2 protein chains.
Amino acid sequence: MYKVNEDYLKLPGSYLFSTIAKKVNAYTQAHPEKKIIRLGIGDVTQPLAPAVIEALHSAVDEMAHAETFKGYAPDLGYAFLRDVIAEKDFKARGCDISADEIFVSDGAKSDSANIQEIFSRDCRIAVCDPVYPVYVDSNVMAGRTGTYDTKTEQWSNVIYMPCTAENGFVAEFPKETPDIIYLCFPNNPTGAAVTKDKLQEWVDYANKVGAVIIFDSAYEAYISEDNIPHSIYECVGARTCAIEIRSFSKKAGFTGLRLGYTVVPKELEHGGVTLHSLWARRHGTKFNGAPYIVQKAGAAVYTPEGDAQTREQIAYYMKNAAYIKKGLTDAGYTVYGGVNAPYIWLKAPNGMTSWEFFDYLLEQVNVVGTPGSGFGPSGETYFRLTAFGSYENTVEAVDRIKNM
Amino acid sequence: MYKVNEDYLKLPGSYLFSTIAKKVNAYTQAHPEKKIIRLGIGDVTQPLAPAVIEALHSAVDEMAHAETFKGYAPDLGYAFLRDVIAEKDFKARGCDISADEIFVSDGAKSDSANIQEIFSRDCRIAVCDPVYPVYVDSNVMAGRTGTYDTKTEQWSNVIYMPCTAENGFVAEFPKETPDIIYLCFPNNPTGAAVTKDKLQEWVDYANKVGAVIIFDSAYEAYISEDNIPHSIYECVGARTCAIEIRSFSKKAGFTGLRLGYTVVPKELEHGGVTLHSLWARRHGTKFNGAPYIVQKAGAAVYTPEGDAQTREQIAYYMKNAAYIKKGLTDAGYTVYGGVNAPYIWLKAPNGMTSWEFFDYLLEQVNVVGTPGSGFGPSGETYFRLTAFGSYENTVEAVDRIKNM
């Protein structure tokens with residue numbers, strides 16, 4: 001008789017965004033006349049850049065003729081894309097990363113969920129708190145996290161690194177030594193960035209204790225300040241301790257196209273086994289490449305036109321972020337983020353919990369955000385707003401909150 | 001100090017198709033004047049159908065405007081695709097499968113590799129021998145297969161079900177009772193199909209012993225005979241014991257577009273936990289949907305035009321299959337498959353091993369096929385040719401073999 005994966009059953013039932021959806025649905029059914037503005041989920045709203053659209057049409061035409069038709073893609077991605085990534089995202093910033101250390105995938109979510117698989121089940125993970133839920137959930141499903149305490153909302157075998165206003169939302173070294181450290185900067189949900197000096201300390205720490213850093217830089221394109229590293233490989237020694245995950249979703253609005261990549265330097269090895277060879281094996285056995293037409297779309301992001309157009313999109317979203325940040329600050333809120341990331345992280349007023357503030361905003365001004373507690377216990381009493389809405393809606397939402 | 005996943009290290013080193021590529025490269029370097037014809041890897045060569053191309057262009061245009069732009073897809077796939085799949089692939093054949101039991105993915109390879117994850121690590125798998133290597137490899141990586149015996153080329157904790165000429169290349173019930181049974185019909189590599197009566201026996205057996213059948217019907221579109229089921233749900237009782245995996249790769253030439261789906265009936269449950277809920281959780285946590293434009297392309301396959309055009313492609317490949325089958329039979333070879341599948345499975349002549357025949361064909365007539373032993377020990381002395389080449393190349397390859 002077959003049995004199911006018991007580790008799956010350990011996951012707490014309700015998912016943050018489905019709970020939000022239920023609450024919003026209940027409200028709109030009771031108040032169908034109200035206009036709800038959603039600044040909750042991190043999905044983009046602007047259309048794909050013209051250069052990307054052009055590349056897609058052109059690649060589709062190639063698929064229509066036997067001479068230019070493309071079947072199975074190379075496991076690790078087409079050279080035309082890996083080469084331009086190595087050049088523009090790394091070499092141009094002084095990072096020593098070569099094209100054959102880049103693994104193209106169907107997105108940063110899959111990669112950040114799957115990367116744990118190449119490590120032993122005995123490894124102990126450390127995560128920032130609050131953080132994107134996929135890191136912990138994928139480790140729960142692999143049986144690596146111990147038992148869940150419903151009171152503290154923590155797993156017994158996970159090392160939590162609180163990111164709070166006191167430490168500028170940048171994690172400090174944990175007391176216990178982790179094997180795998182998940183860092184996401186610029187951060188989802190807090191919008192905090194890490195300085196190059198601070199990230200260098202993390203790289204040194206990981207090399208010292210023999211840990212691997214999984215560095216999620218999905219939001220690097222939103223960095224506006226000079227002293228903020230776009231890649232962990234800007235730090236000395238990162239090639240022996242860090243894997244980096246990148247996304248086209250937020251950089252170029254590919255949430256519906258699906259494209260990302262993971263960098264695994266060849267120096268990363270344990271006991272003579274390179275992590276590069278393990279990740280290559282996983283790609284080869286359990287994945288069959290990102291679509292050719294999507295990889296062509298990705299390459300178009302790096303052309304002069306594509307680069308200019310996607311930067312314009314990011315500027316559009318960051319104008320929203322600035323409007324939210326200024327508006328809420330003017331209204332007396334304590335506000336973080338929004339400078340190097342499309343996320344605004346604010347303190348719920350008057351001692352409210354995250355969910356109390358969620359209900360309050362929904363009912364008073366019909367604005368939907370995301371309760372900070374959904375990202376981890378240290379997110380409690382905080383609230384996330386995203387800059388991915390239209391400018392008009394963003395302005396209206398902020399003005400409603402200001403006039404509340 | 002982090003440790004790597006030791007189960008990954010158990011995988012035997014060289015992958016079938018990379019060994020083939022190395023041998024072919026060595027030959028072409030030594031003989032640059034020779035024209036090699038490749039009937040080895042199962043990749044398609046015909047361009048995408050006009051209806052699919054049209055749907056892609058139209059969906060790309062939608063992505064160019066804010067009003068019609070699509071961001072994150074629903075985890076389980078767009079309703080427009082799941083509905084038409086339920087209707088055309090299942091209800092039209094009398095199978096009781098509803099749209100919300102269909103999980104759209106980036107392809108059958110990912111699904112057939114990932115599906116094992118929802119089961120306990122204690123489960124014991126049974127596989128046909130020879131077979132598509134991904135079933136076993138993904139279970140090796142999950143630590144479910146025991147130790148590898150390099151002499152027998154078998155894993156200690158895998159139940160092998162030999163598929164030989166004696167049993168018509170259709171597995172018989174194993175002596176030991178498995179928890180998970182992988183069946184692939186029409187089969188890769190043997191090209192054998194299973195009759196409805198025989199598949200019903202498998203369904204009854206699985207229900208009796210409490211096993212789950214993972215039914216891979218990636219090649220169902222190639223079925224030409226009447227008594228061959230296209231879906232396992234044509235059998236009574238399959239809803240309580242079977243998961244089915246489908247592919248658009250061979251049905252509509254999507255090897256480079258990436259689209260597939262998996263059916264998990266809601267009745268499939270153990271101890272009150274439905275496999276449907278577990279697979280939904282995996283999709284929600286570790287995957288972010290197939291691209292909108294690719295899902296639109298998939299839906300176009302079910303339009304009257306798309307259906308007619310993709311059937312024409314399949315007829316083109318099956319004409320190749322028939323030519324190979326007749327030509328080799330005429331030349332005195334013992335040949336199987338090629339009637340309900342795009343694969344021809346032939347016995348190496350004169351007592352040659354699979355690899356000896358590979359070298360012989362490569363050197364004598366510059367034709368590349370796939371050694372049967374690469375698919376499992378029972379594939380030894382067999383050889384796979386695929387019907388996915390161009391008609392001209394297929395004819396030339398067969399004529400070269402005939403005149404050898």
# chains A, B, ... in the order shown; residues from 1 in each chain; ligands from 1

$ residues_around --residues "region 8-24 of chain B" --least-positions-apart "2" --cutoff "10 Å" --atoms "only C-alpha atoms" --output "count of residues only"
53

$ interface_residues --of "chain A" --to "chain B" --cutoff "6 Å" --atoms "only C-alpha atoms" --output "ChimeraX atom specification"
/A:1-5,46-48,63-66,69-72,110,113,118-120,123,179,210-211,255-257,286-287,291-292

$ write_last_selection --atoms "N, CA and C atoms" --output "compact mmCIF listing (two decimals), in the first residue's frame"
# COMPACT_ATOMS: atom_id res chain seq x y z
N MET A 1 0.85 -1.20 0.00
CA MET A 1 0.00 0.00 0.00
C MET A 1 0.89 1.24 0.00
N TYR A 2 0.66 2.11 -0.94
CA TYR A 2 1.48 3.32 -1.01
C TYR A 2 1.20 4.24 0.17
N LYS A 3 2.17 5.06 0.50
CA LYS A 3 2.00 6.06 1.55
C LYS A 3 2.37 7.43 0.99
N VAL A 4 1.80 8.46 1.59
CA VAL A 4 2.10 9.81 1.08
C VAL A 4 3.30 10.39 1.82
N ASN A 5 3.85 11.44 1.26
CA ASN A 5 4.97 12.17 1.86
C ASN A 5 4.46 12.90 3.10
N GLN A 46 2.32 46.49 -15.81
CA GLN A 46 2.68 47.13 -17.06
C GLN A 46 2.93 46.08 -18.14
N PRO A 47 2.58 46.39 -19.40
CA PRO A 47 2.79 45.40 -20.48
C PRO A 47 4.28 45.17 -20.75
N LEU A 48 4.56 44.10 -21.46
CA LEU A 48 5.96 43.80 -21.82
C LEU A 48 6.53 44.91 -22.70
N MET A 63 9.69 29.45 -35.26
CA MET A 63 9.10 28.15 -34.94
C MET A 63 8.14 27.66 -36.03
N ALA A 64 7.84 28.56 -36.99
CA ALA A 64 6.87 28.22 -38.03
C ALA A 64 7.52 27.59 -39.26
N HIS A 65 8.84 27.50 -39.29
CA HIS A 65 9.53 26.97 -40.46
C HIS A 65 10.54 25.90 -40.06
N ALA A 66 10.57 24.82 -40.80
CA ALA A 66 11.43 23.69 -40.44
C ALA A 66 12.89 24.11 -40.33
N PHE A 69 13.06 26.09 -36.98
CA PHE A 69 12.34 25.52 -35.84
C PHE A 69 13.32 25.07 -34.76
N LYS A 70 12.93 25.25 -33.50
CA LYS A 70 13.76 24.80 -32.38
C LYS A 70 13.00 23.79 -31.53
N GLY A 71 13.61 22.63 -31.32
CA GLY A 71 13.02 21.61 -30.45
C GLY A 71 13.55 21.78 -29.04
N TYR A 72 13.93 20.67 -28.42
CA TYR A 72 14.45 20.73 -27.05
C TYR A 72 15.58 21.75 -26.95
N SER A 110 10.71 28.57 -8.90
CA SER A 110 11.08 27.17 -9.04
C SER A 110 12.49 26.94 -8.51
N ALA A 113 12.83 27.15 -4.77
CA ALA A 113 12.20 25.99 -4.13
C ALA A 113 13.01 24.71 -4.35
N ILE A 118 19.66 19.70 -3.70
CA ILE A 118 21.02 19.21 -3.93
C ILE A 118 21.81 19.07 -2.63
N PHE A 119 21.19 19.48 -1.51
CA PHE A 119 21.85 19.37 -0.22
C PHE A 119 21.31 18.18 0.58
N SER A 120 22.13 17.75 1.54
CA SER A 120 21.72 16.67 2.42
C SER A 120 20.49 17.07 3.22
N CYS A 123 21.07 19.00 6.54
CA CYS A 123 21.50 20.39 6.62
C CYS A 123 20.47 21.24 7.36
N ASP A 179 23.89 25.55 8.02
CA ASP A 179 24.58 24.97 6.86
C ASP A 179 24.22 25.72 5.58
N GLY A 210 31.68 27.36 6.81
CA GLY A 210 31.40 26.30 5.84
C GLY A 210 29.93 26.21 5.46
N ALA A 211 29.29 27.36 5.40
CA ALA A 211 27.88 27.39 4.99
C ALA A 211 27.77 27.87 3.55
N THR A 255 6.42 38.04 -15.21
CA THR A 255 5.69 37.13 -14.30
C THR A 255 4.85 36.11 -15.06
N GLY A 256 4.31 36.53 -16.21
CA GLY A 256 3.49 35.62 -17.01
C GLY A 256 4.26 34.92 -18.12
N LEU A 257 5.54 35.23 -18.27
CA LEU A 257 6.37 34.57 -19.31
C LEU A 257 7.24 33.47 -18.72
N LYS A 286 15.23 16.54 -14.30
CA LYS A 286 13.89 16.94 -13.87
C LYS A 286 13.34 18.18 -14.55
N PHE A 287 14.01 18.65 -15.58
CA PHE A 287 13.61 19.90 -16.24
C PHE A 287 13.98 19.74 -17.70
N PRO A 291 11.28 27.73 -22.60
CA PRO A 291 10.94 27.80 -24.03
C PRO A 291 11.91 28.69 -24.81
N TYR A 292 12.22 28.28 -26.03
CA TYR A 292 13.12 29.06 -26.88
C TYR A 292 12.62 30.49 -27.03

$ residues_around --residues "Asn403 (chain B)" --least-positions-apart "2" --cutoff "12 Å" --atoms "only C-alpha atoms" --output "list in words"
Gly327, Leu328, Asp330, Ala331, Gly332, Leu361, Gln364, Val365, Glu396, Ala397, Val398, Asp399, Arg400 and Ile401 of chain B

$ residues_around --residues "His276 (chain B)" --least-positions-apart "6" --cutoff "7 Å" --atoms "only C-alpha atoms" --output "mmCIF file with N, CA and C atoms, in the first residue's frame"
data_model
loop_
_atom_site.group_PDB
_atom_site.id
_atom_site.type_symbol
_atom_site.label_atom_id
_atom_site.label_comp_id
_atom_site.auth_asym_id
_atom_site.auth_seq_id
_atom_site.Cartn_x
_atom_site.Cartn_y
_atom_site.Cartn_z
ATOM 1 N N VAL B 264 -4.851 14.177 -11.726
ATOM 2 C CA VAL B 264 -4.904 13.524 -10.420
ATOM 3 C C VAL B 264 -6.365 13.513 -9.963
ATOM 4 N N PRO B 265 -7.044 12.358 -10.110
ATOM 5 C CA PRO B 265 -8.461 12.291 -9.727
ATOM 6 C C PRO B 265 -8.619 12.518 -8.221
ATOM 7 N N LYS B 266 -9.717 13.143 -7.860
ATOM 8 C CA LYS B 266 -9.917 13.486 -6.445
ATOM 9 C C LYS B 266 -10.176 12.268 -5.556
#

$ closest_residue --among "A:Ile37, A:Glu166, A:Ala297, A:Ala86" --to "Glu392 (chain A)" --atoms "only C-alpha atoms"
A:Ile37

$ select_by_dssp --residues "region 100-181 of chain B" --states "helix (DSSP H, G or I)" --output "list of chain:residue names"
B:Asp100, B:Glu101, B:Ala108, B:Lys109, B:Ser110, B:Asp111, B:Ser112, B:Ala113, B:Asn114, B:Ile115, B:Gln116, B:Glu117, B:Ile118, B:Val134, B:Tyr135, B:Val136, B:Asp137, B:Ser138, B:Asn139, B:Val140, B:Met141, B:Ala165, B:Glu166, B:Asn167

$ closest_residue --among "A:Phe357, A:Tyr78, A:Tyr343, A:Phe103" --to "Ala322 (chain A)" --atoms "only C-alpha atoms"
A:Tyr343

$ closest_residue --among "A:Ile213, A:Ala165, A:Val84, A:Ala192" --to "Val127 (chain A)" --atoms "only C-alpha atoms"
A:Ile213

$ closest_residue --among "A:Tyr182, A:Tyr323, A:Ile245, A:Ala126" --to "Trp155 (chain A)" --atoms "only C-alpha atoms"
A:Ala126

$ residues_around --residues "region 223-237 of chain B" --least-positions-apart "2" --cutoff "8 Å" --atoms "only C-alpha atoms" --output "PyMOL selection string"
chain B and resi 90+93-97+186+193-196+199-200+203-204+207+215+217+219-221+239-242+244+339-341

$ write_last_selection --atoms "N, CA and C atoms" --output "PDB file, in the first residue's frame"
ATOM      1  N   PHE B  90     -10.732  13.753 -22.561  1.00  0.00           N
ATOM      2  CA  PHE B  90     -11.330  12.801 -21.614  1.00  0.00           C
ATOM      3  C   PHE B  90     -12.826  12.568 -21.835  1.00  0.00           C
ATOM      4  N   ARG B  93     -13.889  10.753 -24.806  1.00  0.00           N
ATOM      5  CA  ARG B  93     -13.569   9.313 -24.828  1.00  0.00           C
ATOM      6  C   ARG B  93     -14.286   8.572 -23.699  1.00  0.00           C
ATOM      7  N   GLY B  94     -15.268   9.254 -23.106  1.00  0.00           N
ATOM      8  CA  GLY B  94     -16.041   8.591 -22.053  1.00  0.00           C
ATOM      9  C   GLY B  94     -15.314   8.528 -20.711  1.00  0.00           C
ATOM     10  N   CYS B  95     -14.262   9.322 -20.545  1.00  0.00           N
ATOM     11  CA  CYS B  95     -13.525   9.307 -19.275  1.00  0.00           C
ATOM     12  C   CYS B  95     -14.070  10.391 -18.356  1.00  0.00           C
ATOM     13  N   ASP B  96     -14.307  10.013 -17.122  1.00  0.00           N
ATOM     14  CA  ASP B  96     -14.899  10.921 -16.139  1.00  0.00           C
ATOM     15  C   ASP B  96     -13.795  11.725 -15.436  1.00  0.00           C
ATOM     16  N   ILE B  97     -13.305  12.732 -16.131  1.00  0.00           N
ATOM     17  CA  ILE B  97     -12.246  13.591 -15.578  1.00  0.00           C
ATOM     18  C   ILE B  97     -12.726  15.036 -15.706  1.00  0.00           C
ATOM     19  N   PRO B 186       1.473   4.227 -25.287  1.00  0.00           N
ATOM     20  CA  PRO B 186       2.484   3.553 -26.085  1.00  0.00           C
ATOM     21  C   PRO B 186       3.881   3.817 -25.524  1.00  0.00           C
ATOM     22  N   ALA B 193       2.181  -0.987 -27.537  1.00  0.00           N
ATOM     23  CA  ALA B 193       0.968  -0.430 -26.934  1.00  0.00           C
ATOM     24  C   ALA B 193       0.329  -1.497 -26.058  1.00  0.00           C
ATOM     25  N   VAL B 194      -0.543  -1.047 -25.151  1.00  0.00           N
ATOM     26  CA  VAL B 194      -1.243  -2.001 -24.293  1.00  0.00           C
ATOM     27  C   VAL B 194      -2.714  -1.998 -24.702  1.00  0.00           C
ATOM     28  N   THR B 195      -3.309  -3.182 -24.761  1.00  0.00           N
ATOM     29  CA  THR B 195      -4.738  -3.232 -25.102  1.00  0.00           C
ATOM     30  C   THR B 195      -5.555  -2.778 -23.894  1.00  0.00           C
ATOM     31  N   LYS B 196      -6.805  -2.428 -24.163  1.00  0.00           N
ATOM     32  CA  LYS B 196      -7.667  -1.974 -23.083  1.00  0.00           C
ATOM     33  C   LYS B 196      -7.892  -3.079 -22.051  1.00  0.00           C
ATOM     34  N   LEU B 199      -4.792  -3.359 -19.891  1.00  0.00           N
ATOM     35  CA  LEU B 199      -4.648  -2.216 -18.990  1.00  0.00           C
ATOM     36  C   LEU B 199      -5.672  -2.303 -17.860  1.00  0.00           C
ATOM     37  N   GLN B 200      -6.866  -2.820 -18.200  1.00  0.00           N
ATOM     38  CA  GLN B 200      -7.889  -3.016 -17.154  1.00  0.00           C
ATOM     39  C   GLN B 200      -7.373  -3.984 -16.080  1.00  0.00           C
ATOM     40  N   VAL B 203      -5.209  -2.015 -13.800  1.00  0.00           N
ATOM     41  CA  VAL B 203      -6.008  -1.165 -12.904  1.00  0.00           C
ATOM     42  C   VAL B 203      -6.585  -2.012 -11.767  1.00  0.00           C
ATOM     43  N   ASP B 204      -7.115  -3.172 -12.114  1.00  0.00           N
ATOM     44  CA  ASP B 204      -7.680  -4.061 -11.089  1.00  0.00           C
ATOM     45  C   ASP B 204      -6.601  -4.498 -10.097  1.00  0.00           C
ATOM     46  N   ASN B 207      -5.661  -1.553  -7.775  1.00  0.00           N
ATOM     47  CA  ASN B 207      -6.706  -1.349  -6.767  1.00  0.00           C
ATOM     48  C   ASN B 207      -6.665  -2.454  -5.704  1.00  0.00           C
ATOM     49  N   PHE B 215       0.656   6.665 -15.015  1.00  0.00           N
ATOM     50  CA  PHE B 215       0.474   6.270 -16.417  1.00  0.00           C
ATOM     51  C   PHE B 215       0.953   7.396 -17.333  1.00  0.00           C
ATOM     52  N   SER B 217       1.198   8.719 -20.802  1.00  0.00           N
ATOM     53  CA  SER B 217       0.647   8.493 -22.152  1.00  0.00           C
ATOM     54  C   SER B 217       1.070   9.632 -23.079  1.00  0.00           C
ATOM     55  N   TYR B 219       2.572   9.517 -25.696  1.00  0.00           N
ATOM     56  CA  TYR B 219       2.523   9.190 -27.124  1.00  0.00           C
ATOM     57  C   TYR B 219       1.137   8.796 -27.607  1.00  0.00           C
ATOM     58  N   GLU B 220       0.107   9.102 -26.807  1.00  0.00           N
ATOM     59  CA  GLU B 220      -1.241   8.615 -27.153  1.00  0.00           C
ATOM     60  C   GLU B 220      -1.700   9.107 -28.530  1.00  0.00           C
ATOM     61  N   ALA B 221      -1.237  10.280 -28.966  1.00  0.00           N
ATOM     62  CA  ALA B 221      -1.699  10.815 -30.257  1.00  0.00           C
ATOM     63  C   ALA B 221      -1.248   9.950 -31.430  1.00  0.00           C
ATOM     64  N   ARG B 239      -9.928   5.778 -11.469  1.00  0.00           N
ATOM     65  CA  ARG B 239      -9.971   7.005 -10.659  1.00  0.00           C
ATOM     66  C   ARG B 239      -9.477   6.780  -9.229  1.00  0.00           C
ATOM     67  N   THR B 240      -9.466   5.540  -8.777  1.00  0.00           N
ATOM     68  CA  THR B 240      -8.997   5.289  -7.411  1.00  0.00           C
ATOM     69  C   THR B 240      -7.559   4.765  -7.364  1.00  0.00           C
ATOM     70  N   CYS B 241      -6.906   4.666  -8.524  1.00  0.00           N
ATOM     71  CA  CYS B 241      -5.538   4.127  -8.492  1.00  0.00           C
ATOM     72  C   CYS B 241      -4.573   4.744  -9.483  1.00  0.00           C
ATOM     73  N   ALA B 242      -5.030   5.687 -10.315  1.00  0.00           N
ATOM     74  CA  ALA B 242      -4.117   6.116 -11.394  1.00  0.00           C
ATOM     75  C   ALA B 242      -3.984   7.622 -11.542  1.00  0.00           C
ATOM     76  N   GLU B 244      -2.364  10.243 -14.456  1.00  0.00           N
ATOM     77  CA  GLU B 244      -1.962  10.173 -15.870  1.00  0.00           C
ATOM     78  C   GLU B 244      -1.187  11.423 -16.261  1.00  0.00           C
ATOM     79  N   VAL B 339       3.644   1.217 -34.962  1.00  0.00           N
ATOM     80  CA  VAL B 339       2.237   1.199 -35.382  1.00  0.00           C
ATOM     81  C   VAL B 339       1.395   2.170 -34.545  1.00  0.00           C
ATOM     82  N   ASN B 340       1.625   2.154 -33.235  1.00  0.00           N
ATOM     83  CA  ASN B 340       0.922   3.055 -32.331  1.00  0.00           C
ATOM     84  C   ASN B 340       1.891   4.002 -31.633  1.00  0.00           C
ATOM     85  N   ALA B 341       3.084   4.116 -32.169  1.00  0.00           N
ATOM     86  CA  ALA B 341       4.115   4.934 -31.533  1.00  0.00           C
ATOM     87  C   ALA B 341       5.162   5.316 -32.573  1.00  0.00           C
TER      88      ALA B 341
END

$ residues_around --residues "Thr386 (chain B)" --least-positions-apart "2" --cutoff "6 Å" --atoms "only C-alpha atoms" --output "list in words"
Leu39, Pro342, Tyr343 and Phe388 of chain B
